[in-house]
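Novice: So here's run37.txt, just compact mmCIF, C-alpha atoms:
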```txt
# COMPACT_ATOMS: atom_id res chain seq x y z
CA MET A 1 0.33 29.61 25.51
CA LYS A 2 3.31 30.85 27.53
CA PHE A 3 5.97 28.78 29.26
CA PRO A 4 6.10 28.64 33.07
CA GLY A 5 9.41 30.48 33.25
CA GLU A 6 12.51 31.05 31.14
CA ALA A 7 14.32 27.93 32.36
CA ALA A 8 11.27 25.79 31.59
CA GLU A 9 11.26 27.21 28.08
CA ARG A 10 14.90 26.16 27.66
CA VAL A 11 13.92 22.63 28.67
CA ALA A 12 11.03 22.61 26.20
CA ARG A 13 13.17 23.88 23.34
CA MET A 14 15.76 21.21 24.05
CA LEU A 15 13.00 18.61 23.69
CA LEU A 16 12.04 20.23 20.38
CA GLU A 17 15.64 20.14 19.16
CA ARG A 18 16.62 16.66 20.34
CA GLY A 19 13.36 14.80 20.67
CA PRO A 20 12.40 12.53 23.60
CA GLN A 21 14.80 12.85 26.53
CA THR A 22 15.08 11.77 30.13
CA ALA A 23 15.53 14.31 32.90
CA ALA A 24 19.16 13.25 33.28
CA GLU A 25 19.82 13.73 29.55
CA LEU A 26 18.22 17.17 29.62
CA ALA A 27 20.21 18.16 32.70
CA GLU A 28 23.47 17.18 31.00
CA ALA A 29 22.59 19.01 27.77
CA LEU A 30 21.54 22.19 29.58
CA ASP A 31 24.22 22.05 32.32
CA LEU A 32 21.55 22.06 35.01
CA SER A 33 20.91 19.82 38.00
CA THR A 34 18.65 16.84 37.42
CA ALA A 35 16.46 17.94 40.34
CA GLY A 36 16.07 21.39 38.79
CA VAL A 37 15.14 19.93 35.41
CA ARG A 38 12.56 17.69 37.06
CA ARG A 39 10.91 20.74 38.63
CA HIS A 40 10.69 22.41 35.23
CA LEU A 41 9.35 19.23 33.65
CA THR A 42 6.67 19.03 36.34
CA ALA A 43 5.63 22.61 35.61
CA LEU A 44 5.60 21.93 31.86
CA THR A 45 3.57 18.77 32.37
CA ASP A 46 1.06 20.56 34.59
CA ALA A 47 0.71 23.20 31.86
CA GLY A 48 -0.03 20.53 29.25
CA LEU A 49 3.15 21.29 27.28
CA VAL A 50 5.08 18.09 28.04
CA THR A 51 4.08 14.48 28.60
CA ALA A 52 5.98 11.55 30.14
CA HIS A 53 6.39 8.00 28.81
CA ASP A 54 7.84 4.79 30.17
CA ARG A 55 10.00 4.60 27.02
CA ALA A 56 10.76 6.69 23.95
CA PRO A 57 7.81 6.75 21.51
CA TYR A 58 10.06 5.57 18.68
CA GLY A 59 13.30 3.63 18.17
CA PRO A 60 14.82 0.92 20.39
CA SER A 61 14.34 1.01 24.13
CA PRO A 62 17.37 2.54 25.87
CA LYS A 63 19.39 0.34 28.16
CA ARG A 64 18.57 0.96 31.79
CA GLY A 65 20.75 0.63 34.81
CA ARG A 66 19.69 -0.56 38.21
CA GLY A 67 16.82 1.01 40.02
CA ARG A 68 13.59 2.52 38.81
CA PRO A 69 13.56 3.32 35.06
CA GLY A 70 13.51 7.03 34.28
CA SER A 71 10.63 8.58 32.37
CA VAL A 72 11.14 9.84 28.84
CA PHE A 73 9.64 13.28 28.17
CA THR A 74 8.26 14.67 24.91
CA LEU A 75 6.48 17.82 23.85
CA THR A 76 2.73 17.75 23.36
CA SER A 77 1.10 19.46 20.38
CA ALA A 78 0.51 22.47 22.64
CA GLY A 79 4.20 22.42 23.61
CA ARG A 80 5.28 22.45 19.98
CA ALA A 81 2.88 25.30 19.26
CA ALA A 82 4.37 27.24 22.16
CA CYS A 83 7.79 26.72 20.54
CA ASP A 84 6.60 28.76 17.57
CA SER A 85 5.26 25.81 15.56
CA ALA A 86 1.76 27.28 15.37
CA TYR A 87 0.11 27.31 11.97
CA ASP A 88 0.11 30.29 9.65
CA ASP A 89 -3.45 31.61 9.25
CA LEU A 90 -2.56 33.16 5.92
CA ALA A 91 -1.26 29.84 4.55
CA LEU A 92 -4.37 28.00 5.68
CA GLY A 93 -6.57 30.64 4.12
CA ALA A 94 -4.65 30.49 0.84
CA LEU A 95 -4.85 26.69 0.67
CA GLY A 96 -8.54 26.80 1.49
CA PHE A 97 -9.06 29.28 -1.33
CA LEU A 98 -7.15 27.07 -3.79
CA ALA A 99 -9.19 24.03 -2.80
CA SER A 100 -12.56 25.74 -3.01
CA ARG A 101 -11.88 27.73 -6.18
CA TYR A 102 -9.67 25.40 -8.23
CA GLY A 103 -10.09 21.98 -6.63
CA ALA A 104 -7.78 19.37 -5.15
CA GLU A 105 -5.46 19.38 -8.16
CA ALA A 106 -4.35 22.95 -7.39
CA VAL A 107 -3.51 22.03 -3.78
CA GLU A 108 -1.58 18.97 -4.95
CA GLU A 109 0.41 21.05 -7.45
CA PHE A 110 1.22 23.60 -4.74
CA ALA A 111 2.33 20.81 -2.38
CA ARG A 112 4.64 19.31 -5.01
CA GLU A 113 6.17 22.70 -5.81
CA ARG A 114 6.72 23.41 -2.11
CA ALA A 115 8.46 20.03 -1.65
CA ARG A 116 10.70 20.68 -4.66
CA THR A 117 11.60 24.12 -3.30
CA LEU A 118 12.49 22.60 0.07
CA ALA A 119 14.92 20.23 -1.64
CA ALA A 120 16.34 22.78 -4.08
CA HIS A 121 19.38 23.60 -1.92
CA LEU A 122 20.51 19.97 -1.66
CA ALA A 123 23.19 18.35 -3.78
CA PRO A 124 22.07 15.47 -6.04
CA GLU A 125 21.46 12.27 -4.06
CA PRO A 126 22.29 13.72 -0.61
CA THR A 127 23.06 11.51 2.35
CA PRO A 128 20.30 11.15 4.97
CA GLU A 129 22.45 13.27 7.31
CA GLU A 130 22.72 16.08 4.76
CA LEU A 131 18.98 15.92 4.25
CA ALA A 132 18.37 16.15 8.01
CA ASP A 133 20.64 19.20 8.25
CA GLU A 134 18.69 20.95 5.48
CA LEU A 135 15.36 20.08 7.07
CA THR A 136 16.59 21.44 10.41
CA ARG A 137 17.49 24.75 8.74
CA ALA A 138 13.95 24.79 7.35
CA GLY A 139 12.45 24.41 10.84
CA TYR A 140 11.88 20.64 11.07
CA ALA A 141 14.38 19.86 13.89
CA ALA A 142 15.43 16.70 12.04
CA GLU A 143 17.96 14.01 12.91
CA VAL A 144 18.95 10.58 11.61
CA ARG A 145 18.96 7.51 13.83
CA PRO A 146 20.21 4.01 12.94
CA LEU A 147 17.60 1.34 12.30
CA GLY A 148 19.46 -1.95 12.00
CA ASP A 149 21.94 -2.66 9.22
CA LEU A 150 19.71 -1.95 6.25
CA ALA A 151 18.05 1.39 6.98
CA VAL A 152 18.06 4.59 9.01
CA GLN A 153 15.17 6.54 10.47
CA LEU A 154 14.68 10.22 9.70
CA CYS A 155 13.07 11.83 12.75
CA GLN A 156 11.47 15.27 12.51
CA HIS A 157 10.61 16.71 15.91
CA SER A 158 8.90 19.79 14.54
CA CYS A 159 6.92 20.81 11.45
CA PRO A 160 6.40 24.45 10.44
CA VAL A 161 3.21 23.54 8.54
CA VAL A 162 1.78 20.93 10.89
CA ASP A 163 -1.67 22.50 11.24
CA ALA A 164 -1.99 23.10 7.52
CA ALA A 165 -0.97 19.47 6.91
CA ARG A 166 -3.75 18.27 9.21
CA GLN A 167 -6.30 19.79 6.85
CA PHE A 168 -4.30 19.23 3.68
CA PRO A 169 -2.50 15.84 3.80
CA GLU A 170 -1.22 16.55 0.28
CA LEU A 171 1.64 18.45 1.95
CA CYS A 172 2.92 15.31 3.71
CA GLU A 173 2.32 13.14 0.64
CA ALA A 174 4.34 15.48 -1.58
CA GLU A 175 7.20 15.63 0.93
CA THR A 176 7.39 11.84 1.08
CA ALA A 177 7.43 11.55 -2.72
CA GLU A 178 10.15 14.20 -2.96
CA LEU A 179 12.26 12.38 -0.36
CA SER A 180 12.10 9.24 -2.51
CA ARG A 181 13.11 11.21 -5.58
CA ILE A 182 16.09 13.11 -4.18
CA LEU A 183 17.44 10.15 -2.19
CA ASP A 184 16.90 7.77 -5.13
CA ARG A 185 15.29 5.15 -2.94
CA HIS A 186 11.81 4.17 -1.79
CA VAL A 187 11.20 5.75 1.64
CA THR A 188 8.37 4.85 4.00
CA ARG A 189 6.65 7.42 6.21
CA LEU A 190 5.62 5.70 9.45
CA ALA A 191 4.21 8.55 11.51
CA THR A 192 3.48 12.26 11.21
CA LEU A 193 2.83 15.10 13.60
CA ALA A 194 -0.10 16.10 11.40
CA ASN A 195 -1.71 12.72 12.05
CA GLY A 196 -1.46 13.19 15.81
CA ASP A 197 1.77 11.26 16.32
CA GLU A 198 4.46 12.71 18.56
CA ILE A 199 7.07 12.79 15.83
CA CYS A 200 7.42 12.46 12.07
CA THR A 201 9.38 9.31 11.23
CA THR A 202 10.53 8.12 7.81
CA VAL A 203 12.43 4.90 7.12
CA ILE A 204 15.22 5.36 4.56
CA PRO A 205 16.93 2.26 3.12
CA LEU A 206 20.71 2.51 3.07
CA LEU A 207 20.91 1.06 -0.45
CA PRO A 208 19.26 2.88 -3.38
CA SER A 209 16.33 1.17 -5.01
CA PRO A 210 16.35 0.74 -8.81
CA HIS A 211 12.64 1.55 -8.79
CA ALA A 212 12.78 4.63 -6.54
CA ASP A 213 12.44 7.19 -9.33
CA ARG A 214 9.67 5.19 -10.94
CA HIS A 215 7.84 5.12 -7.62
CA ALA A 216 8.19 8.88 -7.21
CA ASP A 217 6.99 9.56 -10.77
CA ARG A 218 3.96 7.32 -10.28
CA HIS A 219 3.09 8.80 -6.90
CA ASP A 220 0.23 10.84 -8.34
CA ASP A 221 -1.26 7.85 -10.18
CA ALA A 222 -1.20 5.73 -7.02
CA ARG A 223 -3.03 8.36 -4.98
CA PRO A 224 -6.81 7.95 -4.76
CA SER A 225 -8.91 10.43 -6.68
CA HIS A 226 -10.35 13.49 -5.02
CA GLU A 227 -13.87 12.07 -5.28
CA SER A 228 -12.90 8.93 -3.34
CA ARG A 229 -11.48 10.81 -0.39
CA THR A 230 -13.64 11.18 2.66
CA ASP A 231 -14.78 14.63 3.69
CA SER A 232 -13.18 14.12 7.10
CA ARG A 233 -9.68 14.51 5.59
CA ARG A 234 -10.24 18.15 4.88
CA LYS A 235 -12.29 20.89 6.49
CA VAL A 236 -12.05 24.02 4.42
CA SER A 237 -13.31 27.15 6.03
CA ALA A 238 -15.38 29.52 3.99
```
What is this structure when it is put down as structure tokens?

Specialist:
Amino acid sequence: MKFPGEAAERVARMLLERGPQTAAELAEALDLSTAGVRRHLTALTDAGLVTAHDRAPYGPSPKRGRGRPGSVFTLTSAGRAACDSAYDDLALGALGFLASRYGAEAVEEFARERARTLAAHLAPEPTPEELADELTRAGYAAEVRPLGDLAVQLCQHSCPVVDAARQFPELCEAETAELSRILDRHVTRLATLANGDEICTTVIPLLPSPHADRHADRHDDARPSHESRTDSRRKVSA
């Protein structure tokens, strides 16, 4: 799907980079008039690439001034796909082949290896901000937002394997386990793009947990067996 104009594409890519934004915030970031941004947002909404909310879909509600509250805009799944987040047919085919020929264990091993490779460039026990920077370089458009005094929230506005993860949730499970391992703390994944949410969010405690490594090592044991999973979690094409 194509964008309704070059300026509209700039607006959409700013939403991909920064997550939910108001028209005023987009106008300031892009050095455009608010009225002009609203026209582009209307065109993007009509095309099914952007949707509007009364408030941001995650995090605390922003403080509002007087007058009518402004809408908060986010990309739809079609909008993210138009921003080059579409799935890789070859990757889906390869994962389908692994699952059908060698079983779920092969897919799980691949997912764990991919997660380890993603974290290979990080220093030991990176800060959440360093992790977000590395994920952004890998195509996840990640940022860290405060979440009270005890934790932060890792927000990923994009996922380069989102469609593969819809069919193979092992990819998300392995990423979450790897986050716990490299950060040395027990993280909690609240939402994922692959599950139909508008953003991937992970809660990261600010203090390391003494049981984080143990949790990561036992991740495989805690996961239900392949036989107990419902067929609806995976649809492998022949």

Novice: From the list A:Ala141, A:Ala174, A:Ala123, A:Val37, which residue is nearest Arg80 (chain A) when using only C-alpha atoms?

Specialist: A:Ala141

Novice: Which is closest to Arg10 (chain A) among A:Val161, A:Ala47, A:Cys83, A:Leu95, if we use only C-alpha atoms?

Specialist: A:Cys83

Novice: Please compute the CA of Ala106 (chain A)-CA of Glu175 (chain A) distance, one decimal, in Å.

Specialist: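 Value for the CA of Ala106 (chain A)-CA of Glu175 (chain A) distance: 16.0 Å.
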
Novice: Between A:Val107, A:Leu41, A:Leu26, A:Leu16, which is the closest to Ala82 (chain A) once you count all atoms listed in the file?

Specialist: A:Leu16

Novice: Using only C-alpha atoms, pick whichever of A:Val11, A:Thr74, A:Ser100, A:Leu179 has the shortest atom-to-atom distance to Asp31 (chain A).

Specialist: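 Of A:Val11, A:Thr74, A:Ser100, A:Leu179, the one nearest Asp31 (chain A) is A:Val11, counting only C-alpha atoms.
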
Novice: Residues at most 12 Å from Glu130 (chain A), counting all atoms listed in the file, excluding those fewer than 6 positions away in the same chain, as a PyMOL selection string?

Specialist: chain A and resi 119+121-124+136-137+142-144+154+182-183

Novice: Would you save the residues of that selection, restricted to C-alpha atoms, as a PDB file, keeping the file's coordinate frame?

Specialist:
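Generated file (out31.pdb):
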```
ATOM      1  CA  ALA A 119      14.920  20.230  -1.640  1.00  0.00           C
ATOM      2  CA  HIS A 121      19.380  23.600  -1.920  1.00  0.00           C
ATOM      3  CA  LEU A 122      20.510  19.970  -1.660  1.00  0.00           C
ATOM      4  CA  ALA A 123      23.190  18.350  -3.780  1.00  0.00           C
ATOM      5  CA  PRO A 124      22.070  15.470  -6.040  1.00  0.00           C
ATOM      6  CA  THR A 136      16.590  21.440  10.410  1.00  0.00           C
ATOM      7  CA  ARG A 137      17.490  24.750   8.740  1.00  0.00           C
ATOM      8  CA  ALA A 142      15.430  16.700  12.040  1.00  0.00           C
ATOM      9  CA  GLU A 143      17.960  14.010  12.910  1.00  0.00           C
ATOM     10  CA  VAL A 144      18.950  10.580  11.610  1.00  0.00           C
ATOM     11  CA  LEU A 154      14.680  10.220   9.700  1.00  0.00           C
ATOM     12  CA  ILE A 182      16.090  13.110  -4.180  1.00  0.00           C
ATOM     13  CA  LEU A 183      17.440  10.150  -2.190  1.00  0.00           C
TER      14      LEU A 183
END
```

Novice: Which residue gives the smallest distance to Cys172 (chain A) among A:Val187, A:Leu131, A:Ala115, A:Leu207, with only C-alpha atoms counted?

Specialist: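 Closest to Cys172 (chain A) of all the choices is A:Ala115.
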
Novice: Of the candidates A:Leu32, A:Gly196, A:Ala94, A:Arg181, which one gets nearest to Glu125 (chain A) if we count only C-alpha atoms?

Specialist: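 Closest candidate: A:Arg181.
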
Novice: Compile the contact shell of region 48-52 of chain A as a PyMOL selection string: residues with an atom at most 8 Å away, counting only C-alpha atoms, same-chain residues fewer than 4 positions apart removed.

Specialist: chain A and resi 12+41+44+71-80+82

Novice: Limited to C-alpha atoms, could you put the picked residues into a file as a PDB file, keeping the file's coordinate frame?

Specialist:
```pdb
ATOM      1  CA  ALA A  12      11.030  22.610  26.200  1.00  0.00           C
ATOM      2  CA  LEU A  41       9.350  19.230  33.650  1.00  0.00           C
ATOM      3  CA  LEU A  44       5.600  21.930  31.860  1.00  0.00           C
ATOM      4  CA  SER A  71      10.630   8.580  32.370  1.00  0.00           C
ATOM      5  CA  VAL A  72      11.140   9.840  28.840  1.00  0.00           C
ATOM      6  CA  PHE A  73       9.640  13.280  28.170  1.00  0.00           C
ATOM      7  CA  THR A  74       8.260  14.670  24.910  1.00  0.00           C
ATOM      8  CA  LEU A  75       6.480  17.820  23.850  1.00  0.00           C
ATOM      9  CA  THR A  76       2.730  17.750  23.360  1.00  0.00           C
ATOM     10  CA  SER A  77       1.100  19.460  20.380  1.00  0.00           C
ATOM     11  CA  ALA A  78       0.510  22.470  22.640  1.00  0.00           C
ATOM     12  CA  GLY A  79       4.200  22.420  23.610  1.00  0.00           C
ATOM     13  CA  ARG A  80       5.280  22.450  19.980  1.00  0.00           C
ATOM     14  CA  ALA A  82       4.370  27.240  22.160  1.00  0.00           C
TER      15      ALA A  82
END
```

Novice: CA of Leu118 (chain A) to CA of Leu135 (chain A): how many Å, to one decimal?

Specialist: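 CA of Leu135 (chain A) lies 8.0 Å from CA of Leu118 (chain A).
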
Novice: Extending 6 Å beyond the listed atoms of region 109-113 of chain A on each side, what axis-aligned box results? I want centre and edge lengths in Å to one decimal, as lines of an AutoDock Vina configuration file.

Specialist:
```
center_x = 3.3
center_y = 21.5
center_z = -4.9
size_x = 17.8
size_y = 16.3
size_z = 17.1
```

Novice: Just to confirm, what's the straight-line distance from CA of Ala104 (chain A) to CA of Gln167 (chain A) in Å (one decimal)?

Specialist: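 Between CA of Ala104 (chain A) and CA of Gln167 (chain A) the gap is 12.1 Å.
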
Novice: Copy region 98-206 of chain A out of the block into a file, keeping C-alpha atoms, as a short mmCIF file (atom, residue, chain, number, x, y, z; two decimals), in the first residue's frame.

Specialist:
```
data_model
loop_
_atom_site.label_atom_id
_atom_site.label_comp_id
_atom_site.auth_asym_id
_atom_site.auth_seq_id
_atom_site.Cartn_x
_atom_site.Cartn_y
_atom_site.Cartn_z
CA LEU A 98 11.54 -26.19 10.09
CA ALA A 99 8.25 -26.71 11.91
CA SER A 100 6.88 -29.27 9.48
CA ARG A 101 10.12 -31.21 8.96
CA TYR A 102 11.80 -31.05 12.38
CA GLY A 103 9.06 -29.99 14.79
CA ALA A 104 8.55 -27.18 17.27
CA GLU A 105 11.92 -27.76 18.95
CA ALA A 106 13.76 -26.63 15.81
CA VAL A 107 11.75 -23.40 15.65
CA GLU A 108 12.39 -22.74 19.34
CA GLU A 109 16.13 -23.29 18.89
CA PHE A 110 16.16 -20.92 15.91
CA ALA A 111 14.25 -18.29 17.93
CA ARG A 112 16.71 -18.52 20.83
CA GLU A 113 19.71 -18.23 18.50
CA ARG A 114 18.16 -15.21 16.76
CA ALA A 115 17.56 -13.51 20.13
CA ARG A 116 21.15 -14.17 21.21
CA THR A 117 22.44 -12.75 17.92
CA LEU A 118 20.33 -9.62 18.39
CA ALA A 119 21.94 -9.05 21.79
CA ALA A 120 25.48 -9.97 20.74
CA HIS A 121 26.56 -6.36 20.14
CA LEU A 122 25.56 -5.20 23.62
CA ALA A 123 27.91 -4.80 26.56
CA PRO A 124 27.26 -7.04 29.59
CA GLU A 125 24.25 -5.85 31.61
CA PRO A 126 23.37 -2.87 29.37
CA THR A 127 21.12 -0.09 30.57
CA PRO A 128 17.55 -0.07 29.21
CA GLU A 129 18.50 2.98 27.13
CA GLU A 130 21.46 1.17 25.56
CA LEU A 131 19.20 -1.76 24.80
CA ALA A 132 16.63 0.53 23.16
CA ASP A 133 19.34 2.09 20.98
CA GLU A 134 20.48 -1.34 19.80
CA LEU A 135 16.92 -2.45 19.09
CA THR A 136 16.33 0.73 17.09
CA ARG A 137 19.39 -0.02 14.95
CA ALA A 138 17.88 -3.47 14.37
CA GLY A 139 14.62 -1.97 13.10
CA TYR A 140 12.44 -1.98 16.24
CA ALA A 141 12.07 1.82 16.69
CA ALA A 142 12.49 1.38 20.45
CA GLU A 143 12.47 3.89 23.29
CA VAL A 144 12.40 3.82 27.09
CA ARG A 145 9.72 5.61 29.09
CA PRO A 146 9.54 6.01 32.89
CA LEU A 147 7.02 3.90 34.75
CA GLY A 148 6.99 5.15 38.34
CA ASP A 149 10.01 4.88 40.62
CA LEU A 150 10.62 1.16 40.35
CA ALA A 151 10.54 0.36 36.64
CA VAL A 152 10.73 1.66 33.09
CA GLN A 153 8.79 0.61 30.02
CA LEU A 154 10.55 -0.48 26.84
CA CYS A 155 8.35 0.53 23.91
CA GLN A 156 8.94 -0.94 20.45
CA HIS A 157 6.95 0.85 17.75
CA SER A 158 7.99 -1.49 14.97
CA CYS A 159 8.98 -5.14 14.54
CA PRO A 160 10.85 -6.43 11.47
CA VAL A 161 9.46 -9.95 12.03
CA VAL A 162 5.94 -9.09 13.16
CA ASP A 163 4.13 -11.30 10.65
CA ALA A 164 6.43 -14.24 11.29
CA ALA A 165 5.87 -13.78 15.04
CA ARG A 166 2.10 -13.97 14.53
CA GLN A 167 2.49 -17.52 13.25
CA PHE A 168 5.49 -18.40 15.40
CA PRO A 169 5.12 -16.89 18.91
CA GLU A 170 8.41 -18.59 19.83
CA LEU A 171 10.14 -15.51 18.38
CA CYS A 172 8.56 -13.19 20.96
CA GLU A 173 9.05 -15.71 23.78
CA ALA A 174 12.76 -16.04 23.01
CA GLU A 175 13.23 -12.26 22.84
CA THR A 176 11.60 -11.82 26.24
CA ALA A 177 13.78 -14.52 27.80
CA GLU A 178 16.90 -12.96 26.28
CA LEU A 179 15.94 -9.53 27.64
CA SER A 180 15.75 -11.03 31.13
CA ARG A 181 19.13 -12.65 30.69
CA ILE A 182 21.11 -9.70 29.37
CA LEU A 183 19.51 -7.17 31.73
CA ASP A 184 19.88 -9.53 34.71
CA ARG A 185 16.33 -8.91 35.85
CA HIS A 186 12.89 -10.43 35.34
CA VAL A 187 11.11 -8.46 32.59
CA THR A 188 7.41 -8.66 31.79
CA ARG A 189 6.06 -8.38 28.25
CA LEU A 190 2.67 -6.66 28.40
CA ALA A 191 1.74 -6.30 24.74
CA THR A 192 3.07 -7.22 21.31
CA LEU A 193 2.45 -6.09 17.76
CA ALA A 194 2.26 -9.75 16.78
CA ASN A 195 -0.69 -10.21 19.13
CA GLY A 196 -2.58 -7.35 17.51
CA ASP A 197 -1.58 -4.65 19.98
CA GLU A 198 -0.50 -1.25 18.69
CA ILE A 199 2.92 -1.43 20.29
CA CYS A 200 5.27 -3.89 21.96
CA THR A 201 5.69 -2.98 25.62
CA THR A 202 7.99 -4.59 28.18
CA VAL A 203 8.25 -3.60 31.85
CA ILE A 204 11.86 -3.55 33.09
CA PRO A 205 12.50 -3.25 36.86
CA LEU A 206 15.16 -0.69 37.72
#
```
